[in-house]
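The structure appears below as structure tokens.
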Amino acid sequence: MGMTRSAAPLAHPGTDATCGHVLAIDYGRSRFGLALSDPLGLTARPLATWRRSNRRHDLSRLRSLCREHNVTTIVVGWPLLLDGTRGEMAEEAARFAQRIRADLGIPVELVDERLSSWDAEQTLAEDITRRSRSRSRTRHKLDEIAAAVILRDYLHRTSGVA
């Protein structure tokens with residue numbers, strides 16, 4: 001797909017890469033889960049779940065979010081099949097990543113997200129148990145938790161920590 005992977009996030013001209021955030025997107029046909037790193041790229045936190053509308057509006061919202069949070073790198077969850085091959089959703093996510101890169105001018109990387117939804121569901125179940133919240137009330141958080149899992153794994157892989 002021509003997407004490169006670097007060890008450190010790239011910055012926009014005139015910004016310091018150590019002060020930028022990494023934004024993760026859990027891509028879906030009807031919703032995006034979003035997560036954001038801290039400025040040093042050490043931690044990942046769920047940010048929001050957005051309902052999708054149309055391409056222009058979605059990209060406009062992402063552009064505003066990236067400016068607001070000084071995002072220097074975006075990672076998009078790449079839903080490969082369990083055997084590692086690309087299915088229809090993986091192709092859609094790759095096209096979406098290309099659109100973001102072209103429209104926002106921010107480096108975008110695809111990140112294998114196999115099992116991230118399962119991990120997010122486990123995290124959500126633990127949160128429900130710990131806080132005694134109803135499953136229906138916290139279920140909408142699943143997409144942003146999945147984005148945080150994708151981001152956590154990305155940050156761990158790119159930090160150089162073994």
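Residue numbering restarts at 1 for every chain of the structure tokens, chains are lettered A, B, ... in their displayed order, and ligands are numbered from 1 as they appear.
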Q.
If we count only C-alpha atoms and set the cut-off at 9 Å, which residues sit around Arg29 in chain A, ignoring sequence neighbours fewer than 2 positions away in its own chain? Please answer as a VMD selection string.
A. chain A and resid 27 31 to 32 52 89 92
Q | Within 9 Å of Val22 in chain A using only C-alpha atoms, minus same-chain residues under 4 positions, as a list in words | A |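 Contacts, in chain order: Pro9, Ala35, Leu36, Ser37, Asp38, Pro39, Gly41, Ala44, Asn70, Val71, Thr72, Thr73, Ile74, Val75, Leu151 and Leu155 of chain A.
Of the residues under consideration (A:Ala102, A:Cys66, A:Val111, A:Val76), A:Val76 shows the shortest atom-to-atom contact distance to Gly28 in chain A when counting only C-alpha atoms.
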Q. Of the residues A:Asp143, A:Asp83, A:Asp153, A:Glu109, which is the one nearest to Ser30 in chain A, using only C-alpha atoms?
A.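 Residue with the minimum atom-to-atom distance to Ser30 in chain A: A:Asp143.
Between CA of Arg63 in chain A and CA of Ala148 in chain A the interatomic distance comes to 19.4 Å.
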Q.
Taking the DSSP secondary structure from the backbone, can you list the residues of range 19-107 of chain A that are strand (DSSP E), as an MDAnalysis selection string?
A. chainID A and resid 21:27 31:37 44:51 71:78
Please produce a file of the residues just selected, as a short mmCIF file (atom, residue, chain, number, x, y, z; two decimals), in the first residue's frame, where the atoms kept are N, CA, C and O atoms.
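Produced file part.cif, reproduced below:
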data_model
loop_
_atom_site.label_atom_id
_atom_site.label_comp_id
_atom_site.auth_asym_id
_atom_site.auth_seq_id
_atom_site.Cartn_x
_atom_site.Cartn_y
_atom_site.Cartn_z
N HIS A 21 0.86 14.45 19.32
CA HIS A 21 0.08 13.30 19.76
C HIS A 21 -0.10 12.34 18.60
O HIS A 21 -0.06 12.73 17.44
N VAL A 22 -0.35 11.09 18.93
CA VAL A 22 -0.72 10.09 17.95
C VAL A 22 -2.21 9.83 18.13
O VAL A 22 -2.67 9.61 19.25
N LEU A 23 -2.94 9.87 17.03
CA LEU A 23 -4.37 9.60 17.04
C LEU A 23 -4.59 8.22 16.44
O LEU A 23 -4.06 7.92 15.38
N ALA A 24 -5.37 7.40 17.11
CA ALA A 24 -5.75 6.09 16.58
C ALA A 24 -7.22 6.12 16.20
O ALA A 24 -8.03 6.71 16.91
N ILE A 25 -7.52 5.46 15.08
CA ILE A 25 -8.89 5.38 14.61
C ILE A 25 -9.25 3.91 14.43
O ILE A 25 -8.59 3.19 13.70
N ASP A 26 -10.30 3.50 15.12
CA ASP A 26 -10.89 2.18 14.89
C ASP A 26 -11.97 2.40 13.85
O ASP A 26 -13.05 2.89 14.15
N TYR A 27 -11.65 2.07 12.60
CA TYR A 27 -12.51 2.35 11.46
C TYR A 27 -13.70 1.40 11.42
O TYR A 27 -13.54 0.19 11.57
N ARG A 31 -19.39 3.93 12.52
CA ARG A 31 -18.77 4.70 13.60
C ARG A 31 -17.24 4.64 13.50
O ARG A 31 -16.69 3.71 12.93
N PHE A 32 -16.61 5.65 14.11
CA PHE A 32 -15.16 5.66 14.33
C PHE A 32 -14.94 5.64 15.83
O PHE A 32 -15.55 6.43 16.56
N GLY A 33 -14.04 4.79 16.30
CA GLY A 33 -13.56 4.90 17.66
C GLY A 33 -12.26 5.68 17.59
O GLY A 33 -11.44 5.47 16.69
N LEU A 34 -12.06 6.60 18.51
CA LEU A 34 -10.87 7.45 18.52
C LEU A 34 -10.15 7.34 19.85
O LEU A 34 -10.78 7.27 20.90
N ALA A 35 -8.83 7.33 19.78
CA ALA A 35 -7.99 7.33 20.98
C ALA A 35 -6.81 8.24 20.72
O ALA A 35 -6.39 8.43 19.57
N LEU A 36 -6.25 8.79 21.78
CA LEU A 36 -5.17 9.77 21.66
C LEU A 36 -4.05 9.42 22.62
O LEU A 36 -4.30 9.01 23.76
N SER A 37 -2.83 9.61 22.15
CA SER A 37 -1.66 9.39 23.02
C SER A 37 -1.38 10.66 23.80
O SER A 37 -1.89 11.74 23.50
N ALA A 44 -1.99 5.64 25.99
CA ALA A 44 -3.13 5.74 25.08
C ALA A 44 -4.39 5.86 25.92
O ALA A 44 -4.55 5.15 26.90
N ARG A 45 -5.28 6.77 25.51
CA ARG A 45 -6.54 6.90 26.23
C ARG A 45 -7.68 6.99 25.23
O ARG A 45 -7.56 7.63 24.19
N PRO A 46 -8.79 6.33 25.55
CA PRO A 46 -9.97 6.46 24.69
C PRO A 46 -10.39 7.93 24.63
O PRO A 46 -10.30 8.65 25.64
N LEU A 47 -10.82 8.38 23.46
CA LEU A 47 -11.18 9.79 23.31
C LEU A 47 -12.67 9.97 23.01
O LEU A 47 -13.36 10.71 23.70
N ALA A 48 -13.16 9.29 21.98
CA ALA A 48 -14.56 9.50 21.59
C ALA A 48 -14.98 8.42 20.60
O ALA A 48 -14.14 7.74 20.01
N THR A 49 -16.28 8.30 20.43
CA THR A 49 -16.86 7.50 19.36
C THR A 49 -17.71 8.44 18.53
O THR A 49 -18.57 9.13 19.07
N TRP A 50 -17.40 8.51 17.23
CA TRP A 50 -18.14 9.39 16.33
C TRP A 50 -19.00 8.57 15.39
O TRP A 50 -18.54 7.58 14.83
N ARG A 51 -20.21 9.02 15.18
CA ARG A 51 -21.06 8.46 14.13
C ARG A 51 -20.57 9.02 12.80
O ARG A 51 -20.30 10.21 12.70
N VAL A 71 -1.92 16.66 16.52
CA VAL A 71 -1.68 15.29 16.10
C VAL A 71 -0.60 15.28 15.01
O VAL A 71 -0.72 16.00 14.01
N THR A 72 0.44 14.49 15.22
CA THR A 72 1.54 14.41 14.25
C THR A 72 1.57 13.09 13.50
O THR A 72 2.27 12.97 12.51
N THR A 73 0.83 12.10 13.98
CA THR A 73 0.74 10.79 13.33
C THR A 73 -0.65 10.23 13.59
O THR A 73 -1.19 10.40 14.69
N ILE A 74 -1.19 9.57 12.58
CA ILE A 74 -2.47 8.89 12.73
C ILE A 74 -2.27 7.42 12.43
O ILE A 74 -1.58 7.07 11.47
N VAL A 75 -2.82 6.57 13.27
CA VAL A 75 -2.81 5.14 12.99
C VAL A 75 -4.25 4.69 12.81
O VAL A 75 -5.14 5.09 13.57
N VAL A 76 -4.46 3.91 11.78
CA VAL A 76 -5.79 3.40 11.47
C VAL A 76 -5.76 1.90 11.65
O VAL A 76 -4.88 1.22 11.11
N GLY A 77 -6.70 1.39 12.43
CA GLY A 77 -6.79 -0.05 12.61
C GLY A 77 -7.05 -0.74 11.29
O GLY A 77 -7.91 -0.30 10.51
N TRP A 78 -6.29 -1.78 11.02
CA TRP A 78 -6.38 -2.51 9.77
C TRP A 78 -6.96 -3.88 10.08
O TRP A 78 -6.25 -4.76 10.57
#
**Q.** d(CA of Val108 in chain A, CA of Phe96 in chain A) in Å
**A.**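 Pair CA of Val108 in chain A / CA of Phe96 in chain A returns 10.0 Å.
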